[in-house]
>>> print(open('start36.txt').read())   # compact mmCIF, C-alpha atoms
# COMPACT_ATOMS: atom_id res chain seq x y z
CA MET A 442 18.61 -33.59 -3.97
CA GLY A 443 21.77 -31.49 -4.30
CA ILE A 444 25.50 -31.89 -4.73
CA ASP A 445 27.76 -30.74 -1.87
CA SER A 446 31.13 -29.19 -2.49
CA SER A 447 33.26 -27.45 0.14
CA ASN A 448 30.95 -24.64 1.20
CA GLU A 449 28.48 -24.76 -1.68
CA LYS A 450 25.32 -26.76 -2.38
CA ILE A 451 24.49 -27.26 -6.08
CA PHE A 452 20.98 -28.07 -7.30
CA ARG A 453 20.05 -29.04 -10.85
CA VAL A 454 16.39 -28.16 -11.26
CA SER A 455 14.01 -29.66 -13.82
CA THR A 456 10.39 -29.08 -14.73
CA HIS A 457 9.44 -31.88 -12.33
CA THR A 458 11.40 -30.65 -9.28
CA PRO A 459 9.01 -30.28 -6.30
CA THR A 460 9.15 -26.61 -5.28
CA LYS A 461 8.37 -27.16 -1.58
CA GLU A 462 11.20 -29.69 -1.24
CA LEU A 463 13.59 -27.47 -3.21
CA GLY A 464 12.70 -24.45 -1.07
CA ALA A 465 13.24 -26.36 2.16
CA ALA A 466 16.59 -27.71 0.92
CA ILE A 467 17.76 -24.22 -0.09
CA ALA A 468 16.73 -22.76 3.28
CA HIS A 469 18.51 -25.54 5.22
CA ALA A 470 21.69 -25.03 3.20
CA ILE A 471 21.56 -21.30 3.96
CA TYR A 472 21.00 -22.02 7.68
CA ASP A 473 24.09 -24.28 7.58
CA GLY A 474 26.17 -21.37 6.25
CA LYS A 475 26.50 -22.73 2.72
CA SER A 476 25.96 -20.80 -0.49
CA VAL A 477 23.56 -22.33 -3.00
CA VAL A 478 23.90 -22.64 -6.77
CA ILE A 479 20.85 -23.53 -8.85
CA ARG A 480 21.18 -24.58 -12.48
CA ALA A 481 18.06 -24.66 -14.65
CA VAL A 482 17.68 -25.29 -18.40
CA GLY A 483 14.35 -24.47 -20.05
CA ALA A 484 11.35 -22.36 -19.14
CA GLY A 485 9.71 -25.01 -16.93
CA ALA A 486 12.89 -25.58 -14.92
CA VAL A 487 13.48 -21.84 -14.50
CA GLY A 488 9.89 -21.47 -13.26
CA GLN A 489 10.32 -24.26 -10.71
CA ALA A 490 13.61 -22.73 -9.54
CA GLY A 491 11.97 -19.33 -9.06
CA LYS A 492 9.15 -20.86 -7.04
CA GLY A 493 11.65 -22.85 -4.98
CA ILE A 494 13.57 -19.68 -4.16
CA ALA A 495 10.33 -17.96 -3.10
CA VAL A 496 9.53 -20.88 -0.79
CA ALA A 497 13.07 -20.72 0.65
CA GLU A 498 12.74 -16.99 1.29
CA SER A 499 9.48 -17.64 3.13
CA HIS A 500 11.17 -20.24 5.35
CA ALA A 501 14.20 -18.00 5.93
CA ALA A 502 12.07 -14.98 6.85
CA LYS A 503 10.52 -16.97 9.69
CA GLN A 504 14.05 -17.40 11.08
CA ALA A 505 14.92 -13.69 10.50
CA VAL A 506 17.39 -14.66 7.77
CA ARG A 507 17.61 -12.56 4.62
CA MET A 508 18.70 -14.14 1.34
CA LYS A 509 20.34 -12.58 -1.70
CA THR A 510 20.09 -14.06 -5.21
CA ASN A 511 22.38 -13.23 -8.16
CA PHE A 512 21.54 -14.41 -11.66
CA GLY A 513 23.76 -15.42 -14.55
CA PHE A 514 24.01 -17.85 -17.46
CA PHE A 515 25.90 -21.08 -18.08
CA THR A 516 26.41 -23.40 -21.04
CA THR A 517 26.30 -27.17 -20.84
CA THR A 518 26.44 -30.08 -23.28
CA MET A 519 23.37 -32.30 -23.42
CA PRO A 520 23.57 -36.11 -23.90
CA ASP A 521 22.93 -35.61 -27.65
CA LYS A 522 26.13 -33.44 -27.74
CA LYS A 523 24.11 -30.24 -28.31
CA GLU A 524 25.20 -27.19 -26.30
CA VAL A 525 22.44 -25.33 -24.47
CA SER A 526 22.33 -22.26 -22.23
CA GLY A 527 20.69 -22.19 -18.85
CA LEU A 528 20.04 -19.84 -15.97
CA LEU A 529 22.42 -19.92 -12.99
CA MET A 530 21.19 -18.60 -9.64
CA ARG A 531 23.59 -18.03 -6.73
CA ILE A 532 21.96 -17.67 -3.34
CA GLY A 533 23.52 -16.67 -0.05
CA ARG A 534 22.81 -14.70 3.10
CA ASP A 535 22.27 -11.00 2.64
>>> encode(input="start36.txt", output="C-alpha cells")
Amino acid sequence: MGIDSSNEKIFRVSTHTPTKELGAAIAHAIYDGKSVVIRAVGAGAVGQAGKGIAVAESHAAKQAVRMKTNFGFFTTTMPDKKEVSGLLMRIGRD
C-alpha cells in the first residue's frame, strides 16, 4: 500500500483508497517508529486521507499512542504533463 524509505512510509491516496486499510497501515507504521507522509490530489482523495487518519488515531489511542499531523502542499506532474497541487500530510508520534 505504501512506499518505504529509510524511516518514512509514503502513501499516495486516491478517491478509491479503503479508509480502514489506510488507517491500519498508518497506525502500524507509527507503532514501528516510522513517520508517515500522505499525498492526496483532489477533493475525494483528501477526504479519504482525512478519514484514514481518523481511523489511525482511533487505533493508536487504544495503544496509548498520540499522533501529530502537519499539513502542507505539493506540486506534481500528471501523465498528461499538467501540473497539479495536492495536500501533503506528515504524521508522527506526538
>>> atom_distance(input="start36.txt", atom1="atom CA of A:Val487", atom2="atom CA of A:Ile467")
15.2 Å
>>> closest_residue(input="start36.txt", among="A:Ala484, A:Val454, A:Met530, A:Ala468", to="A:Ala502", atoms="only C-alpha atoms")
A:Ala468
>>> atom_distance(input="start36.txt", atom1="atom CA of A:Arg507", atom2="atom CA of A:Asp535")
5.3 Å
>>> atom_distance(input="start36.txt", atom1="atom CA of A:Ser526", atom2="atom CA of A:Gly483")
8.6 Å
>>> axis_aligned_box(input="start36.txt", around="stretch 496-499 of chain A", padding_each_side="8 Å", output="AutoDock Vina command-line options")
--center_x 11.3 --center_y -18.9 --center_z 1.2 --size_x 19.6 --size_y 19.9 --size_z 19.9
>>> residues_around(input="start36.txt", residues="A:Leu528", least_positions_apart="3", cutoff="9 Å", atoms="all atoms listed in the file", output="NGL selection string")
:A and (479-483 or 487 or 512-516)
>>> closest_residue(input="start36.txt", among="A:Gln489, A:Leu529, A:Leu463, A:Val477", to="A:Lys509", atoms="only C-alpha atoms")
A:Val477
>>> closest_residue(input="start36.txt", among="A:His469, A:Arg453, A:Lys522, A:Arg534", to="A:His500", atoms="all atoms listed in the file")
A:His469
>>> build_atoms(input="start36.txt", residues="stretch 455-490 of chain A", atoms="N, CA and C atoms", output="PDB file, in the frame of the given file")
ATOM      1  N   SER A 455      14.745 -29.319 -12.603  1.00  0.00           N
ATOM      2  CA  SER A 455      14.010 -29.660 -13.820  1.00  0.00           C
ATOM      3  C   SER A 455      12.557 -29.217 -13.684  1.00  0.00           C
ATOM      4  N   THR A 456      11.818 -29.415 -14.728  1.00  0.00           N
ATOM      5  CA  THR A 456      10.390 -29.080 -14.730  1.00  0.00           C
ATOM      6  C   THR A 456       9.643 -29.845 -13.645  1.00  0.00           C
ATOM      7  N   HIS A 457      10.134 -31.010 -13.287  1.00  0.00           N
ATOM      8  CA  HIS A 457       9.440 -31.880 -12.330  1.00  0.00           C
ATOM      9  C   HIS A 457       9.952 -31.758 -10.888  1.00  0.00           C
ATOM     10  N   THR A 458      10.868 -30.823 -10.633  1.00  0.00           N
ATOM     11  CA  THR A 458      11.400 -30.650  -9.280  1.00  0.00           C
ATOM     12  C   THR A 458      10.309 -30.112  -8.362  1.00  0.00           C
ATOM     13  N   PRO A 459      10.036 -30.772  -7.233  1.00  0.00           N
ATOM     14  CA  PRO A 459       9.010 -30.280  -6.300  1.00  0.00           C
ATOM     15  C   PRO A 459       9.481 -28.991  -5.607  1.00  0.00           C
ATOM     16  N   THR A 460       8.720 -27.920  -5.776  1.00  0.00           N
ATOM     17  CA  THR A 460       9.150 -26.610  -5.280  1.00  0.00           C
ATOM     18  C   THR A 460       9.233 -26.547  -3.756  1.00  0.00           C
ATOM     19  N   LYS A 461       8.323 -27.203  -3.051  1.00  0.00           N
ATOM     20  CA  LYS A 461       8.370 -27.160  -1.580  1.00  0.00           C
ATOM     21  C   LYS A 461       9.632 -27.845  -1.067  1.00  0.00           C
ATOM     22  N   GLU A 462       9.987 -28.982  -1.656  1.00  0.00           N
ATOM     23  CA  GLU A 462      11.200 -29.690  -1.240  1.00  0.00           C
ATOM     24  C   GLU A 462      12.450 -28.888  -1.602  1.00  0.00           C
ATOM     25  N   LEU A 463      12.456 -28.286  -2.788  1.00  0.00           N
ATOM     26  CA  LEU A 463      13.590 -27.470  -3.210  1.00  0.00           C
ATOM     27  C   LEU A 463      13.749 -26.279  -2.270  1.00  0.00           C
ATOM     28  N   GLY A 464      12.658 -25.598  -1.963  1.00  0.00           N
ATOM     29  CA  GLY A 464      12.700 -24.450  -1.070  1.00  0.00           C
ATOM     30  C   GLY A 464      13.227 -24.800   0.296  1.00  0.00           C
ATOM     31  N   ALA A 465      12.761 -25.920   0.845  1.00  0.00           N
ATOM     32  CA  ALA A 465      13.240 -26.360   2.160  1.00  0.00           C
ATOM     33  C   ALA A 465      14.732 -26.695   2.116  1.00  0.00           C
ATOM     34  N   ALA A 466      15.180 -27.347   1.048  1.00  0.00           N
ATOM     35  CA  ALA A 466      16.590 -27.710   0.920  1.00  0.00           C
ATOM     36  C   ALA A 466      17.472 -26.467   0.793  1.00  0.00           C
ATOM     37  N   ILE A 467      17.007 -25.471   0.043  1.00  0.00           N
ATOM     38  CA  ILE A 467      17.760 -24.220  -0.090  1.00  0.00           C
ATOM     39  C   ILE A 467      17.868 -23.553   1.281  1.00  0.00           C
ATOM     40  N   ALA A 468      16.744 -23.427   1.975  1.00  0.00           N
ATOM     41  CA  ALA A 468      16.730 -22.760   3.280  1.00  0.00           C
ATOM     42  C   ALA A 468      17.667 -23.471   4.260  1.00  0.00           C
ATOM     43  N   HIS A 469      17.643 -24.794   4.295  1.00  0.00           N
ATOM     44  CA  HIS A 469      18.510 -25.540   5.220  1.00  0.00           C
ATOM     45  C   HIS A 469      19.985 -25.340   4.878  1.00  0.00           C
ATOM     46  N   ALA A 470      20.298 -25.278   3.594  1.00  0.00           N
ATOM     47  CA  ALA A 470      21.690 -25.030   3.200  1.00  0.00           C
ATOM     48  C   ALA A 470      22.138 -23.643   3.661  1.00  0.00           C
ATOM     49  N   ILE A 471      21.253 -22.661   3.516  1.00  0.00           N
ATOM     50  CA  ILE A 471      21.560 -21.300   3.960  1.00  0.00           C
ATOM     51  C   ILE A 471      21.741 -21.265   5.470  1.00  0.00           C
ATOM     52  N   TYR A 472      20.868 -21.957   6.216  1.00  0.00           N
ATOM     53  CA  TYR A 472      21.000 -22.020   7.680  1.00  0.00           C
ATOM     54  C   TYR A 472      22.343 -22.620   8.089  1.00  0.00           C
ATOM     55  N   ASP A 473      22.824 -23.595   7.281  1.00  0.00           N
ATOM     56  CA  ASP A 473      24.090 -24.280   7.580  1.00  0.00           C
ATOM     57  C   ASP A 473      25.307 -23.461   7.139  1.00  0.00           C
ATOM     58  N   GLY A 474      25.080 -22.247   6.651  1.00  0.00           N
ATOM     59  CA  GLY A 474      26.170 -21.370   6.250  1.00  0.00           C
ATOM     60  C   GLY A 474      26.735 -21.643   4.877  1.00  0.00           C
ATOM     61  N   LYS A 475      26.031 -22.431   4.074  1.00  0.00           N
ATOM     62  CA  LYS A 475      26.500 -22.730   2.720  1.00  0.00           C
ATOM     63  C   LYS A 475      25.899 -21.725   1.736  1.00  0.00           C
ATOM     64  N   SER A 476      26.573 -21.529   0.612  1.00  0.00           N
ATOM     65  CA  SER A 476      25.960 -20.800  -0.490  1.00  0.00           C
ATOM     66  C   SER A 476      25.304 -21.839  -1.389  1.00  0.00           C
ATOM     67  N   VAL A 477      24.325 -21.411  -2.160  1.00  0.00           N
ATOM     68  CA  VAL A 477      23.560 -22.330  -3.000  1.00  0.00           C
ATOM     69  C   VAL A 477      23.700 -21.903  -4.458  1.00  0.00           C
ATOM     70  N   VAL A 478      23.887 -22.878  -5.334  1.00  0.00           N
ATOM     71  CA  VAL A 478      23.900 -22.640  -6.770  1.00  0.00           C
ATOM     72  C   VAL A 478      22.787 -23.476  -7.383  1.00  0.00           C
ATOM     73  N   ILE A 479      21.927 -22.823  -8.156  1.00  0.00           N
ATOM     74  CA  ILE A 479      20.850 -23.530  -8.850  1.00  0.00           C
ATOM     75  C   ILE A 479      21.099 -23.415 -10.336  1.00  0.00           C
ATOM     76  N   ARG A 480      21.028 -24.545 -11.016  1.00  0.00           N
ATOM     77  CA  ARG A 480      21.180 -24.580 -12.480  1.00  0.00           C
ATOM     78  C   ARG A 480      19.872 -25.070 -13.077  1.00  0.00           C
ATOM     79  N   ALA A 481      19.334 -24.300 -14.027  1.00  0.00           N
ATOM     80  CA  ALA A 481      18.060 -24.660 -14.650  1.00  0.00           C
ATOM     81  C   ALA A 481      18.138 -24.409 -16.150  1.00  0.00           C
ATOM     82  N   VAL A 482      17.723 -25.406 -16.940  1.00  0.00           N
ATOM     83  CA  VAL A 482      17.680 -25.290 -18.400  1.00  0.00           C
ATOM     84  C   VAL A 482      16.233 -25.428 -18.835  1.00  0.00           C
ATOM     85  N   GLY A 483      15.714 -24.433 -19.535  1.00  0.00           N
ATOM     86  CA  GLY A 483      14.350 -24.470 -20.050  1.00  0.00           C
ATOM     87  C   GLY A 483      13.393 -23.680 -19.177  1.00  0.00           C
ATOM     88  N   ALA A 484      12.329 -23.227 -19.815  1.00  0.00           N
ATOM     89  CA  ALA A 484      11.350 -22.360 -19.140  1.00  0.00           C
ATOM     90  C   ALA A 484      10.711 -23.036 -17.928  1.00  0.00           C
ATOM     91  N   GLY A 485      10.344 -24.293 -18.047  1.00  0.00           N
ATOM     92  CA  GLY A 485       9.710 -25.010 -16.930  1.00  0.00           C
ATOM     93  C   GLY A 485      10.648 -25.134 -15.738  1.00  0.00           C
ATOM     94  N   ALA A 486      11.896 -25.442 -16.002  1.00  0.00           N
ATOM     95  CA  ALA A 486      12.890 -25.580 -14.920  1.00  0.00           C
ATOM     96  C   ALA A 486      13.158 -24.241 -14.261  1.00  0.00           C
ATOM     97  N   VAL A 487      13.259 -23.178 -15.057  1.00  0.00           N
ATOM     98  CA  VAL A 487      13.480 -21.840 -14.500  1.00  0.00           C
ATOM     99  C   VAL A 487      12.298 -21.437 -13.622  1.00  0.00           C
ATOM    100  N   GLY A 488      11.077 -21.762 -14.065  1.00  0.00           N
ATOM    101  CA  GLY A 488       9.890 -21.470 -13.260  1.00  0.00           C
ATOM    102  C   GLY A 488       9.901 -22.205 -11.934  1.00  0.00           C
ATOM    103  N   GLN A 489      10.253 -23.471 -11.951  1.00  0.00           N
ATOM    104  CA  GLN A 489      10.320 -24.260 -10.710  1.00  0.00           C
ATOM    105  C   GLN A 489      11.401 -23.701  -9.788  1.00  0.00           C
ATOM    106  N   ALA A 490      12.527 -23.299 -10.349  1.00  0.00           N
ATOM    107  CA  ALA A 490      13.610 -22.730  -9.540  1.00  0.00           C
ATOM    108  C   ALA A 490      13.143 -21.443  -8.871  1.00  0.00           C
TER     109      ALA A 490
END
